[in-house]
Amino acid sequence: MLNARTLLVRGMITGLVAGVAAFLFAYLFGEGPINDAIAFEEVHATDHEHGPVSRTVQSTLGLATASVVYGVAIGGLFAIAVAVTLGRIGRISARATAAIVALAGFVGVALVPFLKYPANPPATGNPDTLQQRTGLYFLMIVIGVAAVLGAIVVSRSLQPRFGTWNATILAVVGAATVVGVAIAMLPAVNEVPDGFSPVLLWRFRLASLGTQAVTWATLGLLFGYLTERSQRPVVADAHPVAV
């Protein structure tokens with residue numbers, strides 16, 4: 001029997017590991033494009049003001065702290081989602097359930113928003129539209145999560161009539177349609193300045209999405225492994241005792 005408190009603690013510990021993994025990935029693959037974008041901004045900016053925190057601190061301690069805090073928080077929520085989902089999507093193991101929840105979380109929280117509002121490096125955003133862009137991004141997260149949850153509910157309701165495979169396809173197509181309509185209807189945001197390297201922009205966006213992928217993959221694989229391992233029966237070491 002899985003204890004909810006144990007799962008929550010395990011999720012937060014797994015989230016800590018996921019945060020460290022995300023930090024390492026972001027530092028190795030994301031800091032280069034960010035530095036190049038800052039260099040572009042400094043060349044083209046007329047006002048060279050520097051923030052109160054140095055770039056070195058931002059790219060090390062600041063990035064590590066943000067990654068770990070995010071990982072622990074999302075790990076706790078992930079554990080709750082696994083606990084709620086376990087046993088409700090078919091007769092599959094805890095390890096498989098964790099992998100499915102992680103995939104669903106990545107699609108809803110990271111991939112769907114990325115399709116409409118991908119992350120942009122420094123020098124590519126207008127400070128005056130920051131609040132609007134933030135609101136639109138979180139709206140896409142809500143739509144993505146709702147689409148994923150809706151697909152799960154619809155798939156379960158259609159399984160008795162169409163079977164698991166066909167019900168899953170219909171649910172995914174329906175969710176993709178909802179997301180496609182949202183992408184088409186929501187306003188576009190394109191504030192990349194003229195002369196900014198498209199290769200640099202693409203490298204940054206891939207690094208951003210890759211960081212999310214590392215986070216969710218670590219959560220799903222490690223949490224599932226630890227949960228399945230804890231469910232294995234303990235076999236006593238049976239040796240004959242001499243009398």
# chains A, B, ... in the order shown; residues from 1 in each chain; ligands from 1
$ residues_around --residues "region 90-99 of chain A" --least-positions-apart "2" --cutoff "8 Å" --atoms "only C-alpha atoms" --output "list of chain:residue names"
A:Val82, A:Thr85, A:Leu86, A:Gly87, A:Arg88, A:Val101, A:Ala102, A:Leu103, A:Ala217, A:Gly220, A:Leu221, A:Phe223, A:Gly224, A:Tyr225, A:Thr227, A:Glu228
$ write_last_selection --atoms "C-alpha atoms" --output "compact mmCIF listing (two decimals), in the first residue's frame"
# COMPACT_ATOMS: atom_id res chain seq x y z
CA VAL A 82 0.80 9.99 -9.66
CA THR A 85 -3.71 8.47 -11.24
CA LEU A 86 -2.38 5.19 -9.91
CA GLY A 87 -4.84 2.40 -10.70
CA ARG A 88 -7.21 4.67 -12.63
CA VAL A 101 2.07 11.27 -15.88
CA ALA A 102 5.51 12.72 -16.65
CA LEU A 103 4.83 12.64 -20.39
CA ALA A 217 12.08 12.80 -17.79
CA GLY A 220 9.10 10.16 -14.44
CA LEU A 221 12.00 7.72 -14.60
CA PHE A 223 10.14 8.48 -9.26
CA GLY A 224 8.80 5.42 -11.05
CA TYR A 225 11.94 3.43 -10.29
CA THR A 227 8.22 3.63 -6.23
CA GLU A 228 8.44 0.25 -7.96
$ residues_around --residues "region 158-171 of chain A" --least-positions-apart "6" --cutoff "12 Å" --atoms "only C-alpha atoms" --output "PyMOL selection string"
chain A and resi 89-90+147-152+177-178
$ select_by_dssp --residues "region 81-200 of chain A" --states "helix (DSSP H, G or I)" --output "count of residues only"
89
$ residues_around --residues "Thr65 (chain A)" --least-positions-apart "3" --cutoff "12 Å" --atoms "only C-alpha atoms" --output "PyMOL selection string"
chain A and resi 16+19-20+22-24+57-62+68-72
$ write_last_selection --atoms "N, CA and C atoms" --output "mmCIF file, in the first residue's frame"
data_model
loop_
_atom_site.group_PDB
_atom_site.id
_atom_site.type_symbol
_atom_site.label_atom_id
_atom_site.label_comp_id
_atom_site.auth_asym_id
_atom_site.auth_seq_id
_atom_site.Cartn_x
_atom_site.Cartn_y
_atom_site.Cartn_z
ATOM 1 N N LEU A 16 14.130 17.447 -6.470
ATOM 2 C CA LEU A 16 15.439 18.040 -6.185
ATOM 3 C C LEU A 16 16.489 17.537 -7.172
ATOM 4 N N GLY A 19 15.800 19.010 -10.500
ATOM 5 C CA GLY A 19 16.242 20.403 -10.559
ATOM 6 C C GLY A 19 17.730 20.519 -10.810
ATOM 7 N N VAL A 20 18.511 19.668 -10.165
ATOM 8 C CA VAL A 20 19.963 19.673 -10.394
ATOM 9 C C VAL A 20 20.284 19.280 -11.834
ATOM 10 N N ALA A 22 18.324 19.625 -14.414
ATOM 11 C CA ALA A 22 17.890 20.715 -15.283
ATOM 12 C C ALA A 22 18.899 21.860 -15.256
ATOM 13 N N PHE A 23 19.437 22.150 -14.069
ATOM 14 C CA PHE A 23 20.459 23.206 -13.961
ATOM 15 C C PHE A 23 21.682 22.876 -14.803
ATOM 16 N N LEU A 24 22.159 21.636 -14.704
ATOM 17 C CA LEU A 24 23.338 21.247 -15.476
ATOM 18 C C LEU A 24 23.078 21.358 -16.977
ATOM 19 N N VAL A 57 26.744 35.525 -11.130
ATOM 20 C CA VAL A 57 25.849 35.006 -10.090
ATOM 21 C C VAL A 57 24.550 34.516 -10.711
ATOM 22 N N GLN A 58 24.026 35.249 -11.692
ATOM 23 C CA GLN A 58 22.788 34.840 -12.352
ATOM 24 C C GLN A 58 22.930 33.469 -13.010
ATOM 25 N N SER A 59 24.062 33.243 -13.673
ATOM 26 C CA SER A 59 24.239 32.006 -14.446
ATOM 27 C C SER A 59 24.663 30.817 -13.600
ATOM 28 N N THR A 60 25.003 31.030 -12.336
ATOM 29 C CA THR A 60 25.430 29.930 -11.470
ATOM 30 C C THR A 60 24.482 29.761 -10.290
ATOM 31 N N LEU A 61 24.690 30.555 -9.259
ATOM 32 C CA LEU A 61 23.878 30.421 -8.051
ATOM 33 C C LEU A 61 22.406 30.728 -8.319
ATOM 34 N N GLY A 62 22.136 31.778 -9.091
ATOM 35 C CA GLY A 62 20.753 32.141 -9.385
ATOM 36 C C GLY A 62 20.041 31.064 -10.185
ATOM 37 N N VAL A 68 16.368 24.293 -8.716
ATOM 38 C CA VAL A 68 16.089 23.376 -7.609
ATOM 39 C C VAL A 68 14.732 23.677 -6.976
ATOM 40 N N VAL A 69 14.438 24.959 -6.755
ATOM 41 C CA VAL A 69 13.146 25.324 -6.167
ATOM 42 C C VAL A 69 12.002 24.889 -7.075
ATOM 43 N N TYR A 70 12.150 25.132 -8.370
ATOM 44 C CA TYR A 70 11.127 24.700 -9.320
ATOM 45 C C TYR A 70 11.002 23.181 -9.323
ATOM 46 N N GLY A 71 12.146 22.483 -9.296
ATOM 47 C CA GLY A 71 12.122 21.027 -9.321
ATOM 48 C C GLY A 71 11.428 20.440 -8.107
ATOM 49 N N VAL A 72 11.721 20.973 -6.916
ATOM 50 C CA VAL A 72 11.091 20.464 -5.694
ATOM 51 C C VAL A 72 9.582 20.712 -5.720
#
$ closest_residue --among "A:Val112, A:Leu209, A:Leu186, A:Leu8" --to "Ala81 (chain A)" --atoms "only C-alpha atoms"
A:Leu8
$ closest_residue --among "A:Asn190, A:Asn35, A:Ser157, A:Thr215" --to "Gly125 (chain A)" --atoms "only C-alpha atoms"
A:Asn190
$ residues_around --residues "region 131-140 of chain A" --least-positions-apart "6" --cutoff "12 Å" --atoms "only C-alpha atoms" --output "PDB file with N, CA, C and O atoms, in the first residue's frame"
ATOM      1  N   VAL A 107       3.939  17.521 -21.884  1.00  0.00           N
ATOM      2  CA  VAL A 107       3.136  18.005 -23.015  1.00  0.00           C
ATOM      3  C   VAL A 107       2.288  19.199 -22.598  1.00  0.00           C
ATOM      4  O   VAL A 107       2.253  20.228 -23.291  1.00  0.00           O
ATOM      5  N   GLY A 108       1.596  19.092 -21.453  1.00  0.00           N
ATOM      6  CA  GLY A 108       0.686  20.153 -21.047  1.00  0.00           C
ATOM      7  C   GLY A 108       1.374  21.400 -20.548  1.00  0.00           C
ATOM      8  O   GLY A 108       0.978  22.520 -20.884  1.00  0.00           O
ATOM      9  N   VAL A 109       2.432  21.229 -19.758  1.00  0.00           N
ATOM     10  CA  VAL A 109       3.078  22.367 -19.103  1.00  0.00           C
ATOM     11  C   VAL A 109       4.170  22.990 -19.967  1.00  0.00           C
ATOM     12  O   VAL A 109       4.412  24.195 -19.890  1.00  0.00           O
ATOM     13  N   ALA A 110       4.842  22.186 -20.784  1.00  0.00           N
ATOM     14  CA  ALA A 110       5.999  22.686 -21.539  1.00  0.00           C
ATOM     15  C   ALA A 110       5.781  22.735 -23.046  1.00  0.00           C
ATOM     16  O   ALA A 110       5.996  23.775 -23.682  1.00  0.00           O
ATOM     17  N   LEU A 111       5.358  21.615 -23.640  1.00  0.00           N
ATOM     18  CA  LEU A 111       5.318  21.536 -25.099  1.00  0.00           C
ATOM     19  C   LEU A 111       4.223  22.406 -25.707  1.00  0.00           C
ATOM     20  O   LEU A 111       4.464  23.132 -26.682  1.00  0.00           O
ATOM     21  N   VAL A 112       3.008  22.319 -25.158  1.00  0.00           N
ATOM     22  CA  VAL A 112       1.903  23.109 -25.724  1.00  0.00           C
ATOM     23  C   VAL A 112       2.186  24.615 -25.662  1.00  0.00           C
ATOM     24  O   VAL A 112       2.033  25.313 -26.670  1.00  0.00           O
ATOM     25  N   PRO A 113       2.597  25.174 -24.516  1.00  0.00           N
ATOM     26  CA  PRO A 113       2.946  26.605 -24.509  1.00  0.00           C
ATOM     27  C   PRO A 113       4.089  26.945 -25.468  1.00  0.00           C
ATOM     28  O   PRO A 113       4.102  28.019 -26.075  1.00  0.00           O
ATOM     29  N   PHE A 114       5.048  26.019 -25.599  1.00  0.00           N
ATOM     30  CA  PHE A 114       6.178  26.253 -26.496  1.00  0.00           C
ATOM     31  C   PHE A 114       5.730  26.409 -27.943  1.00  0.00           C
ATOM     32  O   PHE A 114       6.324  27.180 -28.708  1.00  0.00           O
ATOM     33  N   LEU A 115       4.706  25.683 -28.342  1.00  0.00           N
ATOM     34  CA  LEU A 115       4.245  25.729 -29.728  1.00  0.00           C
ATOM     35  C   LEU A 115       3.712  27.105 -30.112  1.00  0.00           C
ATOM     36  O   LEU A 115       3.793  27.507 -31.276  1.00  0.00           O
ATOM     37  N   LYS A 116       3.161  27.839 -29.141  1.00  0.00           N
ATOM     38  CA  LYS A 116       2.605  29.158 -29.424  1.00  0.00           C
ATOM     39  C   LYS A 116       3.522  30.283 -28.965  1.00  0.00           C
ATOM     40  O   LYS A 116       3.718  31.263 -29.681  1.00  0.00           O
ATOM     41  N   TYR A 117       4.052  30.140 -27.768  1.00  0.00           N
ATOM     42  CA  TYR A 117       4.889  31.199 -27.193  1.00  0.00           C
ATOM     43  C   TYR A 117       6.216  30.612 -26.715  1.00  0.00           C
ATOM     44  O   TYR A 117       6.425  30.434 -25.513  1.00  0.00           O
ATOM     45  N   PRO A 118       7.117  30.273 -27.634  1.00  0.00           N
ATOM     46  CA  PRO A 118       8.412  29.726 -27.226  1.00  0.00           C
ATOM     47  C   PRO A 118       9.234  30.767 -26.485  1.00  0.00           C
ATOM     48  O   PRO A 118       9.063  31.968 -26.663  1.00  0.00           O
ATOM     49  N   ALA A 119      10.116  30.267 -25.633  1.00  0.00           N
ATOM     50  CA  ALA A 119      10.948  31.166 -24.830  1.00  0.00           C
ATOM     51  C   ALA A 119      11.868  31.989 -25.726  1.00  0.00           C
ATOM     52  O   ALA A 119      12.346  31.517 -26.761  1.00  0.00           O
ATOM     53  N   ASN A 120      12.106  33.228 -25.319  1.00  0.00           N
ATOM     54  CA  ASN A 120      12.991  34.120 -26.053  1.00  0.00           C
ATOM     55  C   ASN A 120      14.149  34.559 -25.158  1.00  0.00           C
ATOM     56  O   ASN A 120      13.959  34.791 -23.963  1.00  0.00           O
ATOM     57  N   GLY A 125      12.676  40.943 -26.272  1.00  0.00           N
ATOM     58  CA  GLY A 125      11.365  41.236 -25.706  1.00  0.00           C
ATOM     59  C   GLY A 125      11.214  42.701 -25.357  1.00  0.00           C
ATOM     60  O   GLY A 125      12.173  43.369 -24.970  1.00  0.00           O
ATOM     61  N   ALA A 146      -5.443  21.481 -19.469  1.00  0.00           N
ATOM     62  CA  ALA A 146      -6.850  21.103 -19.651  1.00  0.00           C
ATOM     63  C   ALA A 146      -7.009  20.132 -20.812  1.00  0.00           C
ATOM     64  O   ALA A 146      -7.812  19.183 -20.733  1.00  0.00           O
ATOM     65  N   ALA A 147      -6.265  20.345 -21.893  1.00  0.00           N
ATOM     66  CA  ALA A 147      -6.350  19.450 -23.049  1.00  0.00           C
ATOM     67  C   ALA A 147      -5.864  18.048 -22.686  1.00  0.00           C
ATOM     68  O   ALA A 147      -6.466  17.042 -23.090  1.00  0.00           O
ATOM     69  N   VAL A 178      -8.254  21.014 -30.041  1.00  0.00           N
ATOM     70  CA  VAL A 178      -8.468  22.114 -29.093  1.00  0.00           C
ATOM     71  C   VAL A 178      -7.231  22.998 -29.017  1.00  0.00           C
ATOM     72  O   VAL A 178      -7.318  24.240 -29.068  1.00  0.00           O
ATOM     73  N   VAL A 179      -6.063  22.381 -28.918  1.00  0.00           N
ATOM     74  CA  VAL A 179      -4.815  23.143 -28.849  1.00  0.00           C
ATOM     75  C   VAL A 179      -4.589  23.920 -30.142  1.00  0.00           C
ATOM     76  O   VAL A 179      -4.171  25.087 -30.133  1.00  0.00           O
ATOM     77  N   GLY A 180      -4.866  23.284 -31.284  1.00  0.00           N
ATOM     78  CA  GLY A 180      -4.694  23.963 -32.567  1.00  0.00           C
ATOM     79  C   GLY A 180      -5.580  25.176 -32.707  1.00  0.00           C
ATOM     80  O   GLY A 180      -5.147  26.227 -33.207  1.00  0.00           O
ATOM     81  N   VAL A 181      -6.826  25.067 -32.256  1.00  0.00           N
ATOM     82  CA  VAL A 181      -7.746  26.209 -32.304  1.00  0.00           C
ATOM     83  C   VAL A 181      -7.235  27.340 -31.409  1.00  0.00           C
ATOM     84  O   VAL A 181      -7.262  28.519 -31.785  1.00  0.00           O
ATOM     85  N   ALA A 182      -6.744  26.983 -30.219  1.00  0.00           N
ATOM     86  CA  ALA A 182      -6.219  27.996 -29.307  1.00  0.00           C
ATOM     87  C   ALA A 182      -5.003  28.700 -29.901  1.00  0.00           C
ATOM     88  O   ALA A 182      -4.873  29.926 -29.817  1.00  0.00           O
ATOM     89  N   ILE A 183      -4.118  27.929 -30.518  1.00  0.00           N
ATOM     90  CA  ILE A 183      -2.933  28.520 -31.145  1.00  0.00           C
ATOM     91  C   ILE A 183      -3.329  29.475 -32.272  1.00  0.00           C
ATOM     92  O   ILE A 183      -2.742  30.547 -32.447  1.00  0.00           O
ATOM     93  N   ALA A 184      -4.352  29.103 -33.031  1.00  0.00           N
ATOM     94  CA  ALA A 184      -4.783  29.942 -34.148  1.00  0.00           C
ATOM     95  C   ALA A 184      -5.482  31.223 -33.677  1.00  0.00           C
ATOM     96  O   ALA A 184      -5.358  32.269 -34.319  1.00  0.00           O
ATOM     97  N   MET A 185      -6.198  31.145 -32.558  1.00  0.00           N
ATOM     98  CA  MET A 185      -7.011  32.283 -32.121  1.00  0.00           C
ATOM     99  C   MET A 185      -6.261  33.269 -31.228  1.00  0.00           C
ATOM    100  O   MET A 185      -6.527  34.468 -31.270  1.00  0.00           O
ATOM    101  N   LEU A 186      -5.327  32.790 -30.435  1.00  0.00           N
ATOM    102  CA  LEU A 186      -4.614  33.684 -29.523  1.00  0.00           C
ATOM    103  C   LEU A 186      -3.663  34.590 -30.306  1.00  0.00           C
ATOM    104  O   LEU A 186      -3.126  34.202 -31.347  1.00  0.00           O
ATOM    105  N   PRO A 187      -3.441  35.807 -29.811  1.00  0.00           N
ATOM    106  CA  PRO A 187      -2.584  36.755 -30.540  1.00  0.00           C
ATOM    107  C   PRO A 187      -1.137  36.287 -30.587  1.00  0.00           C
ATOM    108  O   PRO A 187      -0.640  35.655 -29.644  1.00  0.00           O
ATOM    109  N   ALA A 188      -0.487  36.586 -31.693  1.00  0.00           N
ATOM    110  CA  ALA A 188       0.920  36.227 -31.846  1.00  0.00           C
ATOM    111  C   ALA A 188       1.799  37.256 -31.154  1.00  0.00           C
ATOM    112  O   ALA A 188       1.423  38.424 -31.005  1.00  0.00           O
ATOM    113  N   VAL A 189       2.966  36.829 -30.714  1.00  0.00           N
ATOM    114  CA  VAL A 189       3.951  37.720 -30.104  1.00  0.00           C
ATOM    115  C   VAL A 189       5.255  37.555 -30.878  1.00  0.00           C
ATOM    116  O   VAL A 189       5.862  36.485 -30.861  1.00  0.00           O
ATOM    117  N   ASN A 190       5.658  38.602 -31.570  1.00  0.00           N
ATOM    118  CA  ASN A 190       6.888  38.556 -32.360  1.00  0.00           C
ATOM    119  C   ASN A 190       7.648  39.858 -32.148  1.00  0.00           C
ATOM    120  O   ASN A 190       7.414  40.850 -32.820  1.00  0.00           O
ATOM    121  N   GLU A 191       8.555  39.839 -31.164  1.00  0.00           N
ATOM    122  CA  GLU A 191       9.301  41.042 -30.816  1.00  0.00           C
ATOM    123  C   GLU A 191      10.800  40.874 -31.050  1.00  0.00           C
ATOM    124  O   GLU A 191      11.607  41.606 -30.477  1.00  0.00           O
TER     125      GLU A 191
END
$ atom_distance --atom1 "CA of Val172 (chain A)" --atom2 "CA of Ser208 (chain A)"
24.9 Å
$ atom_distance --atom1 "CA of Val214 (chain A)" --atom2 "CA of Ala73 (chain A)"
15.5 Å
$ atom_distance --atom1 "CA of Trp202 (chain A)" --atom2 "CA of Ser67 (chain A)"
21.6 Å
$ closest_residue --among "A:Gly210, A:Gly144, A:Pro193, A:Pro198" --to "Ala175 (chain A)" --atoms "only C-alpha atoms"
A:Gly144
